[in-house]
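*Asks:* Following this message is one structure expressed as structure tokens.
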Amino acid sequence: MDAGVLLNWLANTPDFAVPYALAALGLIICERAGVLSLGAEGLMLVGALVGIGAQITLGQPAVSLVLAMLAASLVSMLFAVMVIWLRVNQVIAGLALVFFCQGLTALVGSLAEWTNHATGGIGTLALWPLSSLPGVGRLFEQNAMVWLTLPIFGAVAWFFARTATGLRLRAVGENPQAADAAGIRVAAWRFVAVLAGSALVGLAGAYISVVSTKLWIAGMTGGRGWIAVGLVIFARWSPWKALIGALLFGCIEALIPQLAAAGVQLPQYFVMMTPYAVTLGVMVWVALGKKRSGDDEPGALGQPYVREERR
Amino acid sequence: MADASLAAIAHPARTDMKTPEPVRTRQPLASRRYALEIRQHMAWRWQALVLAIALLVGLAISAAILVAAGVPADELANEFVMQTFLDGQNFRAVLFQAAPMILVGLAGAIAFRARFWNLGLEGQMVWGAIGATAVSMWQIGPENLRLPLMLVAAIGCGLLWVLGPAWLKLKLGVNEIISTLMLNYMAANFLLHLVYGSWKDPKDNFPYSPQFRAFERLPELGAGVGSAILLAGIVALLAWWLVGVSRVGLYLRFVDANPRVAHANGVPVRRTIYGAVLLSGAMAGLAGFAVAAGQEGRLTQAFYQGYGFSGILIAFLARNNPLAATVVALLVAALFVTGRSLQVFYQVPFSMVQLIQAVIVVCVASSDFFIRHRIRRLGADSAEAA
């Protein structure tokens, strides 16, 4: 592999990594508050559809992305009400959300005739002093969302590690009984966490449709939401590790077109399996390592908090 | 497990004790006037009522969505009830559709009974169909044994495809939700590799395998009803016997209630879980066989789509009961058939079927809250205490 291909590959990696990174970050916010959010795949579809719809009708990428975030939050309220107030099993509710969103987005997409309707994306933003470096300079010419992802990660990591509010949120996910006794309103915090996390998941979906592919196809997220769920386990619920994991997956996805362009003959459908196979491999690797590194899973992940129940 | 008296004091106690005023204002509005109690038991007829209301709400929402999507409101009842169940040809279509649906529903129910989230039903179905097609492609066995061999191959392939996640879960604690889903995507891509590649029918240009010969297809029972539905019925009865009558069923209930206590009492927990999960994979493989040999007569590229979710939905709505799953599967099959006719007559996208299923699941899952909890107004009580 010569330097040009390598450089191309690395330059394309962030574009593929951003959806994984944002979705995983959104899931981390939910899961740190103790809500197992399996609905990511569906919420990404909602974000992708609303993003492209807004892009087709309004043509303002920034507005489209924000609307997509709001839409994903709105749909996730259904999930939040189910798991937090009605105490539905979180796995069932998450699956129901995915199927609901898959059906809804496919329906709305085809009724509104947004399918395969190409739109303009967002421009690139060169990080000036670095982008003028010889050779590696083009690694720093990325679209604005790539650069925006970094401060979003910084903000969330800082929020969890350094603020009292972040500590409260983690307490709710770690031990809701204790948090409740300390006067933290478990249900309210979980609700907020689900809405905020889902907004990021929706943004991840909108990134795929508005920024990357610039069109809508039903079911276009292709399991990325599920991969993000696996990625969160891989990252042990830590934002920075999730970013590293997302870059890893971005690398793998970016490699596929590069190899094809370089004329390497590969069985196409086996190549398309790789992200899923890597996810599976990563899950096994994490499971093997879990015995050594201890368990940093939020203590009450997936359990509804029922104050009335005797423990 | 709180008993009723203990649960009852939870909320009123907070407001009624000699608490300073600020605490009262911190109480959320909803819990100030109402108390939530956990219900230990609800008479079955009330449970049935709650379920019926939930289904009605779900159907009402679905009807509203259908009307919004352009189906005339006065045609809905006609399309759903008259055309689907009372028209002979459409009812045969429902039975035709129901065979794989019953099998995936049973597959979901058996795995969920062992607390294993087998979301890989589609992948196992794909492999079942691939196994059956392989026997046909390579012409293994004599003609009169071909169909049974295809059936065995389908069962074996489905079973092997779920063996990995089962082993990973029980040995290493790998989350089976993710592993089974990832294997779905891999199976789907492998299917595409076959039907676009070496298994493609050389006769024409579509991505499917060559047509099965007549003796490789499930025969008709007569009157246009295929034997796939008979196969599904037999499997449903076997599953009912296994879950409801046999010792394994008892073990399963034990494992579902509390695996650790079950283990302490000498129940072979791991073997029970393995057995249930592998059986689930086998049934999903059989569903793939039912589609390939009973419906399509070949391996096609997207035959499995929608079955995975429907299987989970059927198992959930049937509370993992095999006989109930059979009934629910028939209804879901009717929904599929109706969905296709709506697609033809009113240009309603087929994704509507998935949306309706999801709406009904959401309603039924939410209705459980009213079975498990009691909402009591505090008006009189707190006035008395004050």
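Labels for the structure tokens follow display order: chains A, B, ..., residues from 1 in each chain, ligands from 1.
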Which residues, written as an MDAnalysis selection string, have at least one atom at most 10 Å from Tyr20 (chain A), with only C-alpha atoms counted and residues fewer than 4 positions away on the same chain left out?

*Replies:* chainID A and resid 15:16 24:26 201 204:205 208 224:229 231:232 242:243 245:250

*Asks:* Taking only C-alpha atoms into account, produce a table as a Markdown table in which each residue of chain A with an atom at most 8 Å from an atom of chain B appears once, together with its shortest atom pair and the distance in Å to one decimal, ordered by chain and rising number.

*Replies:*
```
| residue | atom | partner | partner_atom | distance |
| --- | --- | --- | --- | --- |
| A:Met82 | CA | B:Ser366 | CA | 6.3 |
| A:Leu86 | CA | B:Phe369 | CA | 5.4 |
| A:Arg87 | CA | B:Phe369 | CA | 6.8 |
| A:Val88 | CA | B:Ala365 | CA | 6.3 |
| A:Ile92 | CA | B:Ala365 | CA | 7.9 |
| A:Ala93 | CA | B:Val362 | CA | 7.2 |
| A:Ala96 | CA | B:Ala358 | CA | 5.6 |
| A:Leu97 | CA | B:Ala358 | CA | 7.5 |
| A:Phe99 | CA | B:Ala358 | CA | 5.8 |
| A:Phe100 | CA | B:Ala358 | CA | 4.9 |
| A:Cys101 | CA | B:Leu355 | CA | 7.7 |
| A:Gln102 | CA | B:Leu355 | CA | 7.5 |
| A:Gly103 | CA | B:Leu355 | CA | 4.4 |
| A:Leu104 | CA | B:Leu355 | CA | 5.9 |
| A:Ala106 | CA | B:Ser351 | CA | 6.0 |
| A:Leu107 | CA | B:Ser351 | CA | 5.8 |
| A:Ser110 | CA | B:Pro349 | CA | 7.2 |
| A:Leu111 | CA | B:Ala69 | CA | 7.7 |
| A:Gly223 | CA | B:Tyr185 | CA | 7.8 |
| A:Trp226 | CA | B:Ile178 | CA | 6.8 |
| A:Ile227 | CA | B:Ile178 | CA | 7.8 |
| A:Val229 | CA | B:Ile178 | CA | 7.7 |
| A:Gly230 | CA | B:Ile178 | CA | 6.4 |
| A:Pro267 | CA | B:His193 | CA | 7.9 |
| A:Gln268 | CA | B:His193 | CA | 7.7 |
| A:Tyr269 | CA | B:Asn189 | CA | 5.4 |
| A:Phe270 | CA | B:Phe190 | CA | 7.0 |
| A:Met272 | CA | B:Asn189 | CA | 7.0 |
| A:Met273 | CA | B:Met186 | CA | 5.3 |
| A:Tyr276 | CA | B:Met182 | CA | 5.2 |
| A:Ala277 | CA | B:Met182 | CA | 7.0 |
| A:Thr279 | CA | B:Met182 | CA | 7.4 |
| A:Leu280 | CA | B:Ser179 | CA | 5.9 |
| A:Met283 | CA | B:Val174 | CA | 6.4 |
| A:Val284 | CA | B:Val174 | CA | 6.4 |
| A:Ala287 | CA | B:Leu172 | CA | 5.8 |
| A:Leu288 | CA | B:Leu172 | CA | 6.7 |
| A:Arg307 | CA | B:Ala10 | CA | 7.9 |
| A:Glu308 | CA | B:Ala7 | CA | 5.5 |
| A:Glu309 | CA | B:Ala2 | CA | 5.4 |
| A:Arg310 | CA | B:Ala2 | CA | 5.2 |
| A:Arg311 | CA | B:Met1 | CA | 7.4 |
```

*Asks:* Which of region 139-322 of chain B end up as alpha helix (DSSP H) when DSSP is run on this backbone - answer as a count of residues only?

*Replies:* 111

*Asks:* Tyr208 (chain B): which residues within 7 Å, counting only C-alpha atoms, same-chain residues fewer than 2 positions away excluded, as a list in words?

*Replies:*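 Listing them by chain and then by number gives Val195, Lys200, Asp201, Phe206, Pro210, Arg298, Leu299, Thr300 and Gln301 of chain B.
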
*Asks:* Could the residues in this selection be written to a file with C-alpha atoms, as a PDB file, in the first residue's frame?

*Replies:*
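Contents of the output file again31.pdb:
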```pdb
ATOM      1  CA  VAL B 195     -27.713 -15.645  -4.808  1.00  0.00           C
ATOM      2  CA  LYS B 200     -27.487 -17.813  -9.069  1.00  0.00           C
ATOM      3  CA  ASP B 201     -29.974 -19.368 -11.434  1.00  0.00           C
ATOM      4  CA  PHE B 206     -32.563 -12.434 -11.139  1.00  0.00           C
ATOM      5  CA  PRO B 210     -32.469 -22.412  -9.507  1.00  0.00           C
ATOM      6  CA  ARG B 298     -35.989 -21.529  -4.352  1.00  0.00           C
ATOM      7  CA  LEU B 299     -33.570 -19.386  -2.374  1.00  0.00           C
ATOM      8  CA  THR B 300     -34.392 -15.699  -2.834  1.00  0.00           C
ATOM      9  CA  GLN B 301     -32.563 -12.632  -1.648  1.00  0.00           C
TER      10      GLN B 301
END
```

*Asks:* Using only C-alpha atoms, which of the listed residues (B:Trp240, B:Val126, B:Ser136, B:Gly339) sits closest to Thr326 (chain B)?

*Replies:*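 Distance minimum relative to Thr326 (chain B) lands on B:Trp240.
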
*Asks:* Just asking: which residues within region 165-333 of chain B are strand (DSSP E) according to DSSP, as a list of chain:residue names?

*Replies:* B:Glu220, B:Leu221, B:Gly222, B:Val225, B:Gly226

*Asks:* To one decimal place in Å, what is the distance between CA of Asn143 (chain A) and CA of Ile122 (chain A)?

*Replies:*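 The value is 6.7 Å.
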
*Asks:* By how many Å are CA of Trp127 (chain B) and CA of Met283 (chain B) apart?

*Replies:*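 Separation between CA of Trp127 (chain B) and CA of Met283 (chain B): 11.5 Å.
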
*Asks:* Residues within 10 Å of Trp147 (chain A), please, as an mmCIF file with C-alpha atoms, in the first residue's frame. Count only C-alpha atoms; anything in the same chain fewer than 6 positions from it doesn't count.

*Replies:*
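Contents of the output file selection32.cif:
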```
data_model
loop_
_atom_site.group_PDB
_atom_site.id
_atom_site.type_symbol
_atom_site.label_atom_id
_atom_site.label_comp_id
_atom_site.auth_asym_id
_atom_site.auth_seq_id
_atom_site.Cartn_x
_atom_site.Cartn_y
_atom_site.Cartn_z
ATOM 1 C CA PRO A 14 -13.387 10.593 10.380
ATOM 2 C CA VAL A 18 -18.582 10.389 13.290
ATOM 3 C CA THR A 124 -15.352 21.275 4.365
ATOM 4 C CA LEU A 125 -13.567 23.252 6.993
ATOM 5 C CA ALA A 126 -9.792 23.258 6.839
ATOM 6 C CA LEU A 127 -8.019 23.561 10.165
ATOM 7 C CA PHE A 140 -7.258 18.309 8.428
ATOM 8 C CA GLU A 141 -9.726 19.194 5.714
#
```

*Asks:* What's the 12 Å shell around Pro239 (chain A), counting only C-alpha atoms, without same-chain residues fewer than 3 positions away, as number ranges by chain?

*Replies:* A: 20-29, 31-32, 149-161, 231-236, 242-246

*Asks:* Kindly save the residues from that selection, with C-alpha atoms included, as a PDB file, in the first residue's frame.

*Replies:*
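What landed in again-v7.pdb:
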```pdb
ATOM      1  CA  TYR A  20     -20.557   5.754  15.458  1.00  0.00           C
ATOM      2  CA  ALA A  21     -18.971   8.291  17.792  1.00  0.00           C
ATOM      3  CA  LEU A  22     -22.066  10.473  18.223  1.00  0.00           C
ATOM      4  CA  ALA A  23     -24.431   7.517  18.563  1.00  0.00           C
ATOM      5  CA  ALA A  24     -22.183   5.845  21.122  1.00  0.00           C
ATOM      6  CA  LEU A  25     -21.889   9.085  23.072  1.00  0.00           C
ATOM      7  CA  GLY A  26     -25.656   9.485  23.152  1.00  0.00           C
ATOM      8  CA  LEU A  27     -26.027   5.914  24.348  1.00  0.00           C
ATOM      9  CA  ILE A  28     -23.428   6.485  27.049  1.00  0.00           C
ATOM     10  CA  ILE A  29     -25.504   9.376  28.423  1.00  0.00           C
ATOM     11  CA  GLU A  31     -26.854   4.143  29.973  1.00  0.00           C
ATOM     12  CA  ARG A  32     -24.909   6.091  32.576  1.00  0.00           C
ATOM     13  CA  THR A 149     -17.781  16.232  17.302  1.00  0.00           C
ATOM     14  CA  LEU A 150     -14.601  16.815  19.287  1.00  0.00           C
ATOM     15  CA  PRO A 151     -15.946  19.636  21.514  1.00  0.00           C
ATOM     16  CA  ILE A 152     -19.178  17.644  21.980  1.00  0.00           C
ATOM     17  CA  PHE A 153     -17.091  14.755  23.318  1.00  0.00           C
ATOM     18  CA  GLY A 154     -15.068  17.092  25.477  1.00  0.00           C
ATOM     19  CA  ALA A 155     -18.189  18.639  26.926  1.00  0.00           C
ATOM     20  CA  VAL A 156     -19.812  15.305  27.760  1.00  0.00           C
ATOM     21  CA  ALA A 157     -16.628  13.860  29.247  1.00  0.00           C
ATOM     22  CA  TRP A 158     -16.158  16.981  31.353  1.00  0.00           C
ATOM     23  CA  PHE A 159     -19.805  16.877  32.385  1.00  0.00           C
ATOM     24  CA  PHE A 160     -19.550  13.334  33.681  1.00  0.00           C
ATOM     25  CA  ALA A 161     -16.162  13.644  35.312  1.00  0.00           C
ATOM     26  CA  LEU A 231     -19.322  -0.011  20.929  1.00  0.00           C
ATOM     27  CA  VAL A 232     -20.559   1.356  24.267  1.00  0.00           C
ATOM     28  CA  ILE A 233     -19.894  -2.009  25.894  1.00  0.00           C
ATOM     29  CA  PHE A 234     -16.461  -2.041  24.250  1.00  0.00           C
ATOM     30  CA  ALA A 235     -15.794   1.468  25.586  1.00  0.00           C
ATOM     31  CA  ARG A 236     -16.861   0.453  29.097  1.00  0.00           C
ATOM     32  CA  ALA A 242     -15.973   5.308  22.686  1.00  0.00           C
ATOM     33  CA  LEU A 243     -14.302   7.864  20.437  1.00  0.00           C
ATOM     34  CA  ILE A 244     -11.339   5.541  19.951  1.00  0.00           C
ATOM     35  CA  GLY A 245     -13.677   2.659  19.201  1.00  0.00           C
ATOM     36  CA  ALA A 246     -15.609   4.791  16.715  1.00  0.00           C
TER      37      ALA A 246
END
```

*Asks:* Skipping near chain neighbours, those fewer than 6 positions away, what residues fall within 10 Å of Gly233 (chain B) using only C-alpha atoms, listed as a list in words?

*Replies:*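 Near Gly233 (chain B), the qualifying residues are Ala99, Ile102, Leu103, Ser227, Ala239, Leu323 and Thr326 of chain B.
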
*Asks:* In terms of the shortest atom-to-atom distance over only C-alpha atoms, which of B:Val225, B:Met150, B:Val327, B:Leu159 is closest to Trp138 (chain B)?

*Replies:*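 Of the candidates, the smallest distance to Trp138 (chain B) is held by B:Met150.
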
*Asks:* Please identify all polymer residues within 12 Å of Phe191 (chain A), counting only C-alpha atoms, omitting same-chain residues fewer than 4 positions from it, and present them as a compact mmCIF listing (two decimals) with C-alpha atoms, in the first residue's frame.

*Replies:*
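Just written: part.txt:
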```
# COMPACT_ATOMS: atom_id res chain seq x y z
CA ILE A 29 -25.50 9.38 28.42
CA CYS A 30 -28.62 7.15 28.57
CA GLU A 31 -26.85 4.14 29.97
CA ALA A 33 -28.32 7.09 33.94
CA GLY A 34 -29.26 3.42 34.05
CA VAL A 35 -31.49 3.25 30.97
CA SER A 37 -31.29 2.23 25.23
CA SER A 73 -35.68 13.43 21.26
CA LEU A 74 -39.38 13.68 20.64
CA SER A 76 -37.52 8.90 22.39
CA MET A 77 -40.09 10.38 24.76
CA LEU A 78 -42.26 7.42 23.84
CA PHE A 79 -39.47 5.12 25.00
CA ALA A 80 -38.81 7.24 28.10
CA VAL A 81 -42.45 7.14 29.15
CA MET A 82 -42.54 3.39 28.62
CA VAL A 83 -39.43 2.51 30.58
CA ILE A 84 -39.38 5.21 33.25
CA TRP A 85 -43.02 5.76 34.11
CA LEU A 169 -26.64 11.45 36.73
CA VAL A 172 -28.96 7.56 39.31
CA GLY A 173 -27.57 4.87 37.05
CA ARG A 185 -35.28 12.66 41.48
CA VAL A 186 -34.45 9.44 39.69
CA ALA A 187 -37.28 9.46 37.16
CA LEU A 195 -33.93 12.86 25.75
CA ALA A 196 -30.41 14.33 25.67
CA GLY A 197 -28.77 11.06 24.66
CA SER A 198 -31.37 10.45 21.96
```
